[in-house]
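Notes for the one structure printed next.
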Amino acid sequence: MPVYLESDMLVFASPIYYFGMTAQITAAIQRVYCIGKPAKATKAALLLSSASPNPYEGAIATYKSLCAYTGLEDMGVFTAAGDENKSEAKLKEICEFAAKL
Ligand SMILES: Cc1cc2nc3c(=O)[nH]c(=O)nc-3n(C[C@H](O)[C@H](O)[C@H](O)COP(=O)(O)O)c2cc1C
């Protein structure tokens, strides 16, 4: 919680479980509902991994609604399906994104 309160960006990362984010990250998101976004946070990003190619619609919709509700700016959504999860190319893509923030 101290780290959350001091953060300037929220990065949500989850495997896809049955077309949504996991129960664990959902619980964390719901836990901070009463606090809202951290005072200094202005940006957000989403990292999703999955087994199949395109099960992301529900998780992305939740994330985008959360950004709209909290006023966080969506800086990017990254997905990795199957073998992409352990690929150097995907790691490079995300590192390049992070370096530009
Ligand atoms: C309970 C459960 C539900 C899952 N549901 C989906 C799903 O709906 N779609 C999908 O593509 N992958 C699904 N997966 C696969 C995970 O997203 C995948 O295992 C995860 O991204 C991590 O990749 P890895 O197993 O290669 O480490 C599910 C895995 C579990 C354990």
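In the structure tokens, chains take the letters A, B, ... in the order shown, each chain's residues start at 1, and ligands count up from 1 in the order shown.
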Give me, as a Markdown table, each residue of chain A that comes within 6 Å of ligand 1, together with its shortest interatomic pair and the distance in Å at one decimal, counting only C-alpha atoms and all ligand atoms, with rows ordered by chain and rising residue number.
| residue | atom | partner | partner_atom_place_in_ligand_line | distance |
| --- | --- | --- | --- | --- |
| A:Pro15 | CA | ligand 1 | 21 (O) | 4.1 |
| A:Ile16 | CA | ligand 1 | 17 (O) | 4.0 |
| A:Tyr17 | CA | ligand 1 | 5 (N) | 3.4 |
| A:Tyr18 | CA | ligand 1 | 8 (O) | 3.3 |
| A:Phe19 | CA | ligand 1 | 8 (O) | 4.2 |
| A:Ser49 | CA | ligand 1 | 21 (O) | 3.8 |
| A:Ser50 | CA | ligand 1 | 21 (O) | 3.3 |
| A:Ala51 | CA | ligand 1 | 11 (O) | 3.8 |
| A:Ser52 | CA | ligand 1 | 11 (O) | 3.6 |
| A:Pro55 | CA | ligand 1 | 9 (N) | 5.4 |
| A:Gly82 | CA | ligand 1 | 26 (O) | 5.9 |
Inset, instruction - Using DSSP on the backbone coordinates, identify the residues of chain A assigned to strand (DSSP E); present them as a PyMOL selection string. - result: chain A and resi 9-15+43-50+73-81
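Here the DSSP assignment of helix (DSSP H, G or I), based on backbone atoms, applies within stretch 8-57 of chain A to Ala23, Gln24, Ile25, Thr26, Ala27, Ala28, Ile29, Gln30, Arg31 and Glu57 of chain A.
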Would you output that residue set with N, CA and C atoms, as a PDB file, in the first residue's frame?
ATOM      1  N   ALA A  23      -8.256 -13.211 -10.530  1.00  0.00           N
ATOM      2  CA  ALA A  23      -8.922 -12.857  -9.265  1.00  0.00           C
ATOM      3  C   ALA A  23      -7.975 -12.053  -8.381  1.00  0.00           C
ATOM      4  N   GLN A  24      -6.672 -12.372  -8.458  1.00  0.00           N
ATOM      5  CA  GLN A  24      -5.710 -11.695  -7.575  1.00  0.00           C
ATOM      6  C   GLN A  24      -5.608 -10.201  -7.901  1.00  0.00           C
ATOM      7  N   ILE A  25      -5.437  -9.858  -9.187  1.00  0.00           N
ATOM      8  CA  ILE A  25      -5.301  -8.429  -9.516  1.00  0.00           C
ATOM      9  C   ILE A  25      -6.654  -7.730  -9.386  1.00  0.00           C
ATOM     10  N   THR A  26      -7.720  -8.451  -9.667  1.00  0.00           N
ATOM     11  CA  THR A  26      -9.057  -7.872  -9.493  1.00  0.00           C
ATOM     12  C   THR A  26      -9.274  -7.509  -8.023  1.00  0.00           C
ATOM     13  N   ALA A  27      -8.820  -8.379  -7.125  1.00  0.00           N
ATOM     14  CA  ALA A  27      -8.958  -8.093  -5.686  1.00  0.00           C
ATOM     15  C   ALA A  27      -8.152  -6.846  -5.316  1.00  0.00           C
ATOM     16  N   ALA A  28      -6.951  -6.718  -5.882  1.00  0.00           N
ATOM     17  CA  ALA A  28      -6.117  -5.540  -5.572  1.00  0.00           C
ATOM     18  C   ALA A  28      -6.786  -4.264  -6.086  1.00  0.00           C
ATOM     19  N   ILE A  29      -7.326  -4.320  -7.292  1.00  0.00           N
ATOM     20  CA  ILE A  29      -8.010  -3.145  -7.869  1.00  0.00           C
ATOM     21  C   ILE A  29      -9.208  -2.767  -6.983  1.00  0.00           C
ATOM     22  N   GLN A  30      -9.945  -3.782  -6.579  1.00  0.00           N
ATOM     23  CA  GLN A  30     -11.134  -3.489  -5.760  1.00  0.00           C
ATOM     24  C   GLN A  30     -10.742  -2.973  -4.375  1.00  0.00           C
ATOM     25  N   ARG A  31      -9.595  -3.433  -3.872  1.00  0.00           N
ATOM     26  CA  ARG A  31      -9.131  -3.001  -2.549  1.00  0.00           C
ATOM     27  C   ARG A  31      -8.832  -1.494  -2.513  1.00  0.00           C
ATOM     28  N   GLU A  57     -10.404  -8.773 -24.972  1.00  0.00           N
ATOM     29  CA  GLU A  57     -11.430  -7.719 -25.032  1.00  0.00           C
ATOM     30  C   GLU A  57     -11.961  -7.319 -23.651  1.00  0.00           C
TER      31      GLU A  57
END
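Nearest residue to A:Ala59, choosing from A:Gly20, A:Gly71, A:Lys100, A:Met1 and counting only C-alpha atoms: A:Gly20.
For the set A:Thr42, A:Thr79, A:Asn54, A:Ser14, the residue with the smallest atom-to-atom gap to A:Cys67 is A:Thr42, counting only C-alpha atoms.
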Inset, instruction - Please identify all polymer residues within 10 Å of A:Lys37, counting only C-alpha atoms, omitting same-chain residues fewer than 4 positions from it, and present them as a ChimeraX atom specification. - result: /A:4-5,7-10,32-33,41-42,66-67,69-72
If you keep N, CA and C atoms, can you produce a file of those selected residues as a PDB file, in the first residue's frame?
ATOM      1  N   TYR A   4       1.956   1.876  -3.524  1.00  0.00           N
ATOM      2  CA  TYR A   4       0.815   2.323  -4.330  1.00  0.00           C
ATOM      3  C   TYR A   4       0.567   3.824  -4.118  1.00  0.00           C
ATOM      4  N   LEU A   5       0.553   4.227  -2.871  1.00  0.00           N
ATOM      5  CA  LEU A   5       0.217   5.619  -2.560  1.00  0.00           C
ATOM      6  C   LEU A   5       1.240   6.606  -3.105  1.00  0.00           C
ATOM      7  N   SER A   7       3.130   6.091  -5.891  1.00  0.00           N
ATOM      8  CA  SER A   7       3.453   5.822  -7.299  1.00  0.00           C
ATOM      9  C   SER A   7       3.008   6.961  -8.220  1.00  0.00           C
ATOM     10  N   ASP A   8       3.744   7.121  -9.344  1.00  0.00           N
ATOM     11  CA  ASP A   8       3.342   8.111 -10.338  1.00  0.00           C
ATOM     12  C   ASP A   8       2.777   7.460 -11.601  1.00  0.00           C
ATOM     13  N   MET A   9       2.784   6.128 -11.628  1.00  0.00           N
ATOM     14  CA  MET A   9       2.179   5.412 -12.752  1.00  0.00           C
ATOM     15  C   MET A   9       1.703   4.049 -12.254  1.00  0.00           C
ATOM     16  N   LEU A  10       0.547   3.626 -12.736  1.00  0.00           N
ATOM     17  CA  LEU A  10       0.044   2.293 -12.391  1.00  0.00           C
ATOM     18  C   LEU A  10       0.179   1.387 -13.601  1.00  0.00           C
ATOM     19  N   VAL A  32      -8.350  -0.941  -3.636  1.00  0.00           N
ATOM     20  CA  VAL A  32      -7.979   0.478  -3.622  1.00  0.00           C
ATOM     21  C   VAL A  32      -9.116   1.389  -4.120  1.00  0.00           C
ATOM     22  N   TYR A  33     -10.284   0.793  -4.364  1.00  0.00           N
ATOM     23  CA  TYR A  33     -11.429   1.613  -4.792  1.00  0.00           C
ATOM     24  C   TYR A  33     -11.675   2.769  -3.812  1.00  0.00           C
ATOM     25  N   ALA A  41      -0.148   9.989  -9.349  1.00  0.00           N
ATOM     26  CA  ALA A  41      -0.243   9.137 -10.541  1.00  0.00           C
ATOM     27  C   ALA A  41      -1.049   9.814 -11.643  1.00  0.00           C
ATOM     28  N   THR A  42      -0.471   9.831 -12.838  1.00  0.00           N
ATOM     29  CA  THR A  42      -1.178  10.411 -13.988  1.00  0.00           C
ATOM     30  C   THR A  42      -1.281   9.417 -15.155  1.00  0.00           C
ATOM     31  N   LEU A  66     -11.488   1.781 -16.141  1.00  0.00           N
ATOM     32  CA  LEU A  66     -10.801   2.195 -14.908  1.00  0.00           C
ATOM     33  C   LEU A  66     -10.011   3.484 -15.154  1.00  0.00           C
ATOM     34  N   CYS A  67      -9.343   3.564 -16.318  1.00  0.00           N
ATOM     35  CA  CYS A  67      -8.592   4.785 -16.661  1.00  0.00           C
ATOM     36  C   CYS A  67      -9.549   5.977 -16.755  1.00  0.00           C
ATOM     37  N   TYR A  69     -12.444   6.345 -15.398  1.00  0.00           N
ATOM     38  CA  TYR A  69     -13.038   6.639 -14.082  1.00  0.00           C
ATOM     39  C   TYR A  69     -12.069   7.390 -13.174  1.00  0.00           C
ATOM     40  N   THR A  70     -10.786   6.984 -13.212  1.00  0.00           N
ATOM     41  CA  THR A  70      -9.799   7.572 -12.293  1.00  0.00           C
ATOM     42  C   THR A  70      -9.121   8.806 -12.883  1.00  0.00           C
ATOM     43  N   GLY A  71      -9.220   8.977 -14.213  1.00  0.00           N
ATOM     44  CA  GLY A  71      -8.524  10.091 -14.858  1.00  0.00           C
ATOM     45  C   GLY A  71      -7.087   9.772 -15.230  1.00  0.00           C
ATOM     46  N   LEU A  72      -6.688   8.508 -15.105  1.00  0.00           N
ATOM     47  CA  LEU A  72      -5.339   8.113 -15.518  1.00  0.00           C
ATOM     48  C   LEU A  72      -5.272   8.068 -17.043  1.00  0.00           C
TER      49      LEU A  72
END
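Among the candidate residues A:Lys92, A:Pro53, A:Thr62, A:Ala68, the one lying nearest to A:Ala80 is A:Pro53, with distances computed using only C-alpha atoms.
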